[in-house]
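Here is the file run_20.cif (mmCIF, C-alpha atoms and all ligand atoms).
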```cif
data_data
loop_
_atom_site.label_atom_id
_atom_site.label_comp_id
_atom_site.auth_asym_id
_atom_site.auth_seq_id
_atom_site.Cartn_x
_atom_site.Cartn_y
_atom_site.Cartn_z
CA MET C 1 0.00 0.00 0.00
CA ILE C 2 1.28 3.48 -0.92
CA VAL C 3 1.27 5.89 2.02
CA LYS C 4 2.31 9.51 2.54
CA PRO C 5 5.53 9.90 4.55
CA SER C 6 3.81 11.48 7.57
CA PRO C 7 5.58 11.19 10.94
CA GLU C 8 3.08 8.45 11.95
CA ASN C 9 3.74 6.47 8.78
CA ILE C 10 7.51 6.86 9.13
CA ALA C 11 7.20 5.53 12.69
CA ARG C 12 5.10 2.59 11.43
CA ALA C 13 7.56 1.92 8.62
CA ALA C 14 10.40 1.83 11.15
CA GLU C 15 8.39 -0.67 13.24
CA ILE C 16 7.85 -2.85 10.17
CA ILE C 17 11.59 -2.79 9.35
CA ARG C 18 12.50 -3.58 12.96
CA SER C 19 10.09 -6.50 12.98
CA GLY C 20 11.87 -8.07 9.98
CA GLU C 21 9.38 -7.13 7.26
CA LEU C 22 9.89 -5.05 4.11
CA VAL C 23 9.22 -1.39 3.34
CA ALA C 24 9.78 0.32 -0.01
CA PHE C 25 11.08 3.87 0.30
CA PRO C 26 12.30 6.69 -1.94
CA THR C 27 15.92 7.70 -2.34
CA GLU C 28 17.14 10.47 -4.64
CA THR C 29 18.31 7.84 -7.17
CA VAL C 30 15.56 5.18 -7.33
CA TYR C 31 13.13 3.54 -4.86
CA GLY C 32 14.63 0.91 -2.60
CA LEU C 33 13.14 -2.27 -1.15
CA GLY C 34 14.30 -2.09 2.44
CA ALA C 35 14.88 -4.57 5.25
CA ASP C 36 16.91 -4.75 8.47
CA ALA C 37 20.48 -5.33 7.21
CA THR C 38 21.38 -7.18 10.41
CA ASN C 39 18.53 -9.70 10.09
CA GLN C 40 19.30 -12.72 7.92
CA GLN C 41 15.64 -13.75 7.40
CA ALA C 42 14.58 -10.21 6.49
CA ALA C 43 17.41 -9.93 3.97
CA LYS C 44 16.47 -13.28 2.42
CA ARG C 45 12.93 -12.04 1.98
CA ILE C 46 14.22 -9.23 -0.28
CA PHE C 47 15.76 -11.80 -2.63
CA GLU C 48 12.53 -13.81 -2.69
CA VAL C 49 10.33 -10.83 -3.46
CA LYS C 50 12.67 -9.59 -6.21
CA GLN C 51 13.41 -13.12 -7.47
CA ARG C 52 17.02 -12.05 -7.35
CA PRO C 53 19.91 -14.56 -7.33
CA PHE C 54 21.40 -14.88 -3.82
CA GLU C 55 24.94 -14.21 -5.14
CA ASP C 56 23.98 -10.65 -6.12
CA PRO C 57 24.67 -8.58 -2.96
CA LEU C 58 22.57 -5.68 -1.67
CA ILE C 59 23.44 -2.07 -0.84
CA VAL C 60 23.28 -1.13 2.86
CA HIS C 61 21.98 2.34 3.74
CA VAL C 62 23.00 4.27 6.85
CA ALA C 63 21.90 7.73 8.03
CA SER C 64 25.35 9.30 8.17
CA ILE C 65 29.04 8.63 7.71
CA SER C 66 29.44 8.32 11.47
CA GLU C 67 27.35 5.12 11.36
CA ILE C 68 29.46 3.40 8.74
CA ASP C 69 31.39 1.47 11.43
CA GLN C 70 28.19 -0.45 12.17
CA VAL C 71 28.42 -2.18 8.80
CA ALA C 72 31.99 -1.71 7.59
CA ASN C 73 35.34 -2.71 8.94
CA VAL C 74 37.84 -0.15 7.68
CA PRO C 75 41.10 -0.16 9.68
CA ARG C 76 41.73 3.21 11.34
CA GLY C 77 44.59 5.16 9.78
CA SER C 78 44.60 2.97 6.65
CA ARG C 79 44.71 4.31 3.11
CA MET C 80 41.14 3.14 2.68
CA ALA C 81 40.04 5.11 5.76
CA GLU C 82 41.57 8.20 4.24
CA GLN C 83 39.85 7.61 0.89
CA LEU C 84 36.55 7.12 2.68
CA GLU C 85 37.05 10.33 4.62
CA ARG C 86 37.69 12.24 1.38
CA LEU C 87 34.68 10.71 -0.36
CA SER C 88 32.40 11.44 2.57
CA GLY C 89 32.07 15.00 1.25
CA LEU C 90 29.79 13.53 -1.43
CA TRP C 91 27.45 12.12 1.23
CA PRO C 92 24.56 12.18 1.71
CA GLY C 93 24.19 11.58 -2.02
CA PRO C 94 24.07 9.17 -4.97
CA LEU C 95 27.33 7.38 -4.14
CA THR C 96 27.90 3.82 -2.88
CA VAL C 97 31.30 2.57 -1.67
CA VAL C 98 32.43 -1.04 -1.40
CA VAL C 99 34.58 -1.69 1.69
CA PRO C 100 35.35 -4.67 3.98
CA ARG C 101 32.27 -5.67 5.92
CA SER C 102 31.61 -5.97 9.64
CA GLY C 103 30.19 -9.13 11.17
CA ARG C 104 27.04 -7.28 12.13
CA VAL C 105 25.72 -7.30 8.55
CA ALA C 106 23.66 -10.40 7.74
CA GLU C 107 25.47 -12.89 5.48
CA ALA C 108 22.66 -12.86 2.93
CA VAL C 109 23.08 -9.11 2.37
CA CYS C 110 26.64 -9.51 1.08
CA GLY C 111 26.08 -12.62 -1.02
CA GLY C 112 28.93 -14.46 0.67
CA LEU C 113 31.50 -11.70 0.01
CA ASP C 114 33.83 -10.21 2.65
CA SER C 115 32.84 -6.75 1.50
CA VAL C 116 29.78 -4.56 1.83
CA ALA C 117 28.35 -1.82 -0.38
CA VAL C 118 27.36 1.21 1.74
CA ARG C 119 25.47 4.37 0.91
CA VAL C 120 24.22 7.45 2.80
CA PRO C 121 21.11 8.55 0.84
CA ALA C 122 20.07 12.23 0.76
CA HIS C 123 16.32 11.87 0.28
CA PRO C 124 14.56 13.27 3.37
CA VAL C 125 12.18 10.29 3.56
CA ALA C 126 15.07 7.82 3.42
CA GLN C 127 16.86 9.84 6.09
CA ALA C 128 13.75 9.93 8.29
CA LEU C 129 13.25 6.17 7.96
CA LEU C 130 16.90 5.40 8.77
CA LYS C 131 16.80 7.64 11.83
CA ALA C 132 13.47 6.29 13.08
CA SER C 133 14.46 2.64 12.67
CA ALA C 134 17.99 3.23 14.03
CA ILE C 135 19.39 0.25 12.14
CA PRO C 136 21.22 -0.07 8.82
CA ILE C 137 18.75 -0.83 6.02
CA ALA C 138 19.65 -3.19 3.15
CA ALA C 139 17.88 -2.11 0.00
CA PRO C 140 18.25 -2.96 -3.66
CA SER C 141 16.13 -1.15 -6.22
CA ALA C 142 12.46 -2.06 -5.66
CA ASN C 143 11.85 -3.84 -8.96
CA PRO C 144 11.64 -7.47 -10.00
CA PHE C 145 15.16 -8.72 -10.83
CA SER C 146 16.37 -7.54 -14.25
CA TYR C 147 13.46 -5.13 -14.81
CA VAL C 148 13.72 -1.33 -15.04
CA SER C 149 14.31 0.37 -11.64
CA PRO C 150 11.38 2.30 -10.09
CA THR C 151 11.47 6.08 -9.84
CA SER C 152 7.99 6.57 -8.32
CA ALA C 153 5.87 4.90 -5.65
CA GLU C 154 3.43 3.83 -8.38
CA HIS C 155 6.21 1.98 -10.21
CA VAL C 156 6.87 -0.05 -7.05
CA GLU C 157 3.18 -0.67 -6.45
CA SER C 158 2.51 -1.87 -10.00
CA LEU C 159 4.92 -4.82 -9.89
CA LEU C 160 5.66 -5.56 -6.23
CA GLY C 161 2.74 -3.97 -4.37
CA SER C 162 1.08 -7.20 -3.34
CA GLN C 163 4.26 -8.44 -1.63
CA ILE C 164 5.31 -5.37 0.35
CA GLU C 165 3.83 -4.19 3.65
CA MET C 166 4.26 -0.50 2.92
CA ILE C 167 5.46 1.83 0.17
CA LEU C 168 6.46 5.31 1.37
CA ASP C 169 5.63 7.89 -1.28
CA GLY C 170 8.37 10.45 -1.82
CA GLY C 171 7.31 11.58 -5.29
CA ASN C 172 9.50 11.21 -8.38
CA CYS C 173 13.20 10.53 -7.78
CA GLN C 174 15.46 13.50 -8.56
CA VAL C 175 18.44 11.66 -10.03
CA GLY C 176 16.49 8.83 -11.65
CA ILE C 177 19.30 6.31 -12.14
CA GLU C 178 21.05 4.16 -9.54
CA SER C 179 24.01 5.40 -7.48
CA THR C 180 27.61 5.35 -8.64
CA ILE C 181 29.36 2.35 -7.05
CA VAL C 182 33.08 2.64 -6.33
CA SER C 183 35.07 -0.19 -4.82
CA LEU C 184 37.86 0.79 -2.41
CA ILE C 185 38.91 -2.84 -2.07
CA GLU C 186 40.99 -2.77 -5.24
CA ASP C 187 44.56 -1.37 -5.27
CA THR C 188 43.25 1.32 -7.57
CA PRO C 189 39.67 2.23 -6.60
CA ALA C 190 37.33 1.02 -9.35
CA ILE C 191 33.96 2.21 -10.53
CA LEU C 192 31.70 -0.84 -10.60
CA ARG C 193 28.65 1.07 -11.81
CA PRO C 194 28.63 4.61 -13.26
CA GLY C 195 26.07 7.12 -11.97
CA LYS C 196 25.47 10.80 -11.33
CA ILE C 197 28.73 11.11 -9.37
CA THR C 198 31.31 10.97 -12.16
CA ALA C 199 34.77 9.40 -12.37
CA GLN C 200 36.21 12.91 -12.54
CA GLN C 201 34.52 13.92 -9.27
CA LEU C 202 35.95 10.82 -7.58
CA GLN C 203 39.41 11.38 -9.06
CA GLU C 204 39.51 14.92 -7.76
CA LEU C 205 39.03 13.53 -4.26
CA ILE C 206 41.01 10.27 -4.22
CA GLY C 207 43.31 10.27 -7.25
CA PRO C 208 43.35 7.59 -9.96
CA VAL C 209 40.11 5.60 -10.35
CA ALA C 210 39.62 2.72 -12.78
CA GLU C 211 36.54 3.41 -14.85
CA ARG C 212 35.86 -0.13 -16.01
CA PRO C 213 35.99 -3.04 -13.60
CA ARG C 214 38.85 -5.34 -14.54
CA LYS C 215 37.91 -8.85 -15.59
CA ALA C 216 39.90 -10.40 -12.77
CA ALA C 217 38.23 -8.24 -10.12
CA THR C 218 37.53 -10.25 -7.01
CA THR C 219 34.32 -8.39 -6.33
CA MET C 220 31.20 -9.07 -8.26
CA ALA C 221 30.64 -6.30 -10.77
CA PRO C 222 27.05 -5.16 -10.60
CA GLY C 223 25.07 -5.20 -13.78
CA MET C 224 27.46 -7.72 -15.32
CA MET C 225 24.52 -9.91 -16.10
CA ASP C 226 23.54 -8.64 -19.49
CA HIS C 227 19.81 -8.54 -18.93
CA HIS C 228 19.72 -5.81 -16.35
CA TYR C 229 17.43 -2.79 -16.43
CA SER C 230 15.43 -3.91 -19.44
CA PRO C 231 11.80 -3.48 -20.48
CA ARG C 232 10.08 -6.61 -21.87
CA THR C 233 9.53 -4.97 -25.24
CA PRO C 234 12.59 -5.16 -27.53
CA LEU C 235 14.64 -1.96 -27.17
CA ALA C 236 17.16 -0.57 -29.67
CA PHE C 237 19.11 2.63 -30.13
CA TYR C 238 17.57 4.93 -32.70
CA GLY C 239 19.53 4.44 -35.92
CA ALA C 240 20.50 0.83 -35.18
CA ILE C 241 17.56 -0.50 -37.20
CA ALA C 242 16.76 0.60 -40.77
CA LYS C 243 13.38 2.29 -41.10
CA SER C 244 12.41 -0.24 -43.76
CA ASP C 245 12.75 -2.93 -41.06
CA TYR C 246 10.56 -1.23 -38.45
CA PRO C 247 7.62 -3.31 -37.25
CA LYS C 248 4.16 -1.72 -37.14
CA ARG C 249 3.99 -0.55 -33.55
CA VAL C 250 7.11 1.42 -32.69
CA GLY C 251 7.69 3.80 -29.78
CA LEU C 252 10.33 6.54 -29.74
CA VAL C 253 11.92 7.79 -26.51
CA ARG C 254 13.92 10.83 -27.55
CA PHE C 255 16.10 13.12 -25.46
CA ALA C 256 15.01 16.41 -27.11
CA PRO C 257 12.27 17.68 -29.46
CA ASP C 258 12.91 17.39 -33.21
CA MET C 259 11.21 16.55 -36.51
CA ARG C 260 11.33 12.78 -36.21
CA SER C 261 7.68 12.30 -35.29
CA SER C 262 6.78 12.99 -38.93
CA GLU C 263 9.17 10.46 -40.49
CA PHE C 264 7.23 7.37 -39.36
CA PRO C 265 3.79 6.80 -37.82
CA TYR C 266 5.20 6.15 -34.33
CA SER C 267 2.63 4.70 -31.92
CA ALA C 268 4.12 6.75 -29.08
CA VAL C 269 6.73 9.49 -28.84
CA THR C 270 8.10 10.67 -25.50
CA THR C 271 10.43 13.66 -25.24
CA LEU C 272 12.51 13.54 -22.06
CA SER C 273 13.82 17.11 -22.02
CA SER C 274 12.81 20.24 -23.92
CA ARG C 275 16.50 21.16 -24.27
CA GLY C 276 18.17 17.75 -24.26
CA ASN C 277 19.45 18.30 -20.71
CA LEU C 278 21.00 14.98 -19.65
CA ASP C 279 20.18 15.34 -15.94
CA GLU C 280 16.53 15.63 -16.95
CA VAL C 281 16.91 12.71 -19.37
CA ALA C 282 18.28 10.55 -16.53
CA GLN C 283 15.48 11.66 -14.21
CA LYS C 284 12.72 10.64 -16.62
CA LEU C 285 14.30 7.77 -18.58
CA PHE C 286 13.13 4.75 -16.55
CA SER C 287 9.63 6.10 -16.25
CA ALA C 288 9.41 6.53 -20.03
CA LEU C 289 10.74 3.01 -20.66
CA ARG C 290 8.14 1.56 -18.28
CA GLU C 291 5.39 3.56 -19.92
CA HIS C 292 6.36 2.47 -23.43
CA ASP C 293 6.63 -1.09 -22.17
CA SER C 294 2.96 -0.97 -21.16
CA LEU C 295 1.68 0.04 -24.61
CA GLY C 296 1.88 -3.30 -26.43
CA LEU C 297 4.61 -2.04 -28.79
CA GLU C 298 6.77 -4.33 -30.91
CA LEU C 299 9.86 -2.13 -30.63
CA ILE C 300 11.02 0.81 -28.53
CA LEU C 301 13.67 3.09 -30.01
CA VAL C 302 15.73 5.25 -27.70
CA ASP C 303 18.28 8.02 -28.26
CA SER C 304 21.93 7.87 -27.31
CA CYS C 305 24.17 10.64 -25.97
CA PRO C 306 27.85 11.53 -25.61
CA GLU C 307 29.52 9.61 -22.78
CA GLU C 308 30.40 12.57 -20.62
CA GLY C 309 29.21 13.39 -17.12
CA ILE C 310 25.95 11.62 -16.38
CA GLY C 311 25.90 10.53 -20.06
CA VAL C 312 28.28 7.69 -19.10
CA ALA C 313 25.65 6.24 -16.74
CA ILE C 314 22.76 6.81 -19.15
CA MET C 315 24.59 4.93 -21.92
CA ASP C 316 25.65 2.15 -19.50
CA ARG C 317 22.01 1.46 -18.57
CA LEU C 318 20.74 1.77 -22.13
CA ARG C 319 23.40 -0.49 -23.61
CA LYS C 320 22.51 -3.20 -21.10
CA ALA C 321 18.81 -2.74 -21.71
CA CYS C 322 19.30 -2.93 -25.50
CA ALA C 323 21.48 -6.05 -25.21
CA ALA C 324 18.96 -7.87 -23.03
CA ARG C 325 18.11 -11.47 -23.91
CA ARG C 326 14.43 -12.25 -23.78
O1 LIG C 401 20.84 3.95 -6.18
C1 LIG C 401 21.00 2.84 -5.68
O2 LIG C 401 22.13 2.37 -5.47
C2 LIG C 401 19.75 2.04 -5.30
C3 LIG C 401 19.11 2.70 -4.08
C4 LIG C 401 17.91 1.96 -3.61
O3 LIG C 401 20.05 2.84 -3.07
N1 LIG C 401 20.08 0.68 -5.03
C5 LIG C 401 20.46 -0.19 -5.99
O4 LIG C 401 20.63 -1.47 -5.53
O5 LIG C 401 20.62 0.12 -7.14
P1 LIG C 401 20.77 -2.76 -6.46
O6 LIG C 401 20.69 -3.91 -5.55
O7 LIG C 401 19.77 -2.72 -7.52
O8 LIG C 401 22.20 -2.68 -6.98
C6 LIG C 401 23.24 -2.93 -6.07
C7 LIG C 401 24.46 -3.39 -6.78
C8 LIG C 401 24.28 -4.83 -7.17
O9 LIG C 401 24.29 -4.95 -8.58
C9 LIG C 401 25.42 -5.54 -6.53
O10 LIG C 401 26.04 -6.41 -7.41
C10 LIG C 401 26.37 -4.42 -6.09
O11 LIG C 401 25.54 -3.31 -5.87
N2 LIG C 401 27.03 -4.76 -4.84
C11 LIG C 401 26.47 -4.87 -3.62
N3 LIG C 401 27.39 -5.28 -2.72
C12 LIG C 401 28.54 -5.41 -3.38
C13 LIG C 401 29.87 -5.81 -3.00
N4 LIG C 401 30.16 -6.17 -1.76
N5 LIG C 401 30.82 -5.81 -3.95
C14 LIG C 401 30.53 -5.44 -5.22
N6 LIG C 401 29.30 -5.08 -5.64
C15 LIG C 401 28.33 -5.06 -4.73
MG MG C 402 18.73 -2.94 -9.24
#
```
How would this structure read if it were set down as structure tokens?
Amino acid sequence: MIVKPSPENIARAAEIIRSGELVAFPTETVYGLGADATNQQAAKRIFEVKQRPFEDPLIVHVASISEIDQVANVPRGSRMAEQLERLSGLWPGPLTVVVPRSGRVAEAVCGGLDSVAVRVPAHPVAQALLKASAIPIAAPSANPFSYVSPTSAEHVESLLGSQIEMILDGGNCQVGIESTIVSLIEDTPAILRPGKITAQQLQELIGPVAERPRKAATTMAPGMMDHHYSPRTPLAFYGAIAKSDYPKRVGLVRFAPDMRSSEFPYSAVTTLSSRGNLDEVAQKLFSALREHDSLGLELILVDSCPEEGIGVAIMDRLRKACAARR
């Protein structure tokens, strides 16, 4: 059930989390499906509801950097501690760091790894829930495994509503794509998933950062499974398919207005930004893909963009969605 994030509902949500059940809540990136990160049964329930493989670890959310010791085990005075300190200027925000884990985190959360992915979200509802429950909250994106991440409470309700106790409504997510994940476990910190926080921003704070996870990385690289983030309808980049090969019912998700709506009788055309602003594109992208996926189309065409700034993350998600096996 979708509820407003009133103080009473936040208090109830915290009760639900503390009792080992699930609550979906907004973050500035996407909606998360939350459970007590210290409770093995609660964490397992997340995997069941999402139908997610148990080897794919979850992100743990804490209210502030000062609580990171509850879930992480970063030796004081180490190089990693210093890197973490420098990165903490980006928190609360759309950044997740992978560091050695503490024994307090339930095994199931980390998928058998010695490390944990931690994030301090900025969304006021996420912050309120973390403070009220006073425990770290494990939360992956609140979508069925491999489907497009949710950026509104309605998105969560439509596919997982029947299985979740409560969905806190925080409106549409500001960032719209999942957090940047950087692993501090590697000798050279490595970006495991690009996001709104760019490689350049990280480099300015901690020096050299590997932008593509190396094949031999010991950590599991998120999104490595090639059918992540995808709608059920076949998706292709605009231009990858000749117009003469278009099926009858085609949707176009474009980044800016232009003349293309007259070149083919598209069944649906969605324009993500009136000026092609990529932050706005990221914010609205998943919602548009879900909408087009509900229209009974045979093909969805989507624009591409230069891989700079948040464009790196947009293209990462779209490439995976276009490559999806069905
Ligand atoms: O923006 C976000 O990060 C959202 C919100 C809800 O916080 N969460 C999110 O979670 O996108 P999820 O589960 O959809 O993606 C988490 C990714 C997974 O693909 C997983 O492989 C990776 O984080 N991950 C988690 N723990 C890890 C670890 N110890 N080492 C490497 N990767 C890890
Ligand atoms: Mg996800």
(request) Select, from C:Met259, C:Ile197, C:Ala190, C:Ala81, the residue with the minimum atom-to-atom distance to Arg212 (chain C), counting all atoms listed in the file. (result) C:Ala190
(message) As an exercise, work out the distance from CA of Leu113 (chain C) to CA of Val98 (chain C) in Å and give it to one decimal place.
(response)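 The value is 10.8 Å.
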Could you report the residues within 7 Å of ligand MG 402 (chain C), using only C-alpha atoms and all ligand atoms, as a PDB file with C-alpha atoms, in the coordinates of the input?
```
ATOM      1  CA  PRO C 140      18.250  -2.960  -3.660  1.00  0.00           C
ATOM      2  CA  SER C 141      16.130  -1.150  -6.220  1.00  0.00           C
ATOM      3  CA  ASN C 143      11.850  -3.840  -8.960  1.00  0.00           C
ATOM      4  CA  PHE C 145      15.160  -8.720 -10.830  1.00  0.00           C
ATOM      5  CA  SER C 149      14.310   0.370 -11.640  1.00  0.00           C
TER       6      SER C 149
END
```
(message) Show me, as a list in words, the residues that have an atom within 6 Å of region 19-24 of chain C when counting all atoms listed in the file, minus same-chain residues fewer than 3 positions from it.
(response)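 After dropping sequence-adjacent residues, the list is Ile16, Gly32, Leu33, Gly34, Ala35, Ala42, Ile164, Met166 and Ile167 of chain C.
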(request) Select, from C:Pro144, C:Gly311, C:Gly170, C:Pro150, the residue with the minimum atom-to-atom distance to Ile2 (chain C), counting all atoms listed in the file. (result)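 Counting all atoms listed in the file, the residue closest to Ile2 (chain C) is C:Gly170.
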(message) I'd like the neighbourhood of Gln40 (chain C) as a list of chain:residue names, where a residue qualifies if any of its atoms comes within 12 Å (using all atoms listed in the file), though same-chain residues fewer than 3 positions away should be ignored.
(response) C:Gly20, C:Glu21, C:Ala35, C:Asp36, C:Ala37, C:Ala43, C:Lys44, C:Arg45, C:Ile46, C:Phe47, C:Gly103, C:Arg104, C:Val105, C:Ala106, C:Glu107, C:Ala108, C:Val109, C:Cys110, C:Gly111, C:Ala138
(request) Using all atoms listed in the file, pick whichever of C:Gly195, C:Ala242, C:Ser267, C:Leu159 has the shortest atom-to-atom distance to Ala282 (chain C). (result)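 For Ala282 (chain C), the nearest of the given residues is C:Gly195.
Among C:Gly171, C:Gly77, C:Pro194, C:Pro5, the residue with the shortest atom-to-atom distance to ligand LIG 401 (chain C), counting only C-alpha atoms and all ligand atoms, is C:Pro194.
Nearest residue to ligand LIG 401 (chain C) among C:Leu90, C:Ala11, C:Ile191, C:Leu295 is C:Ile191, counting only C-alpha atoms and all ligand atoms.
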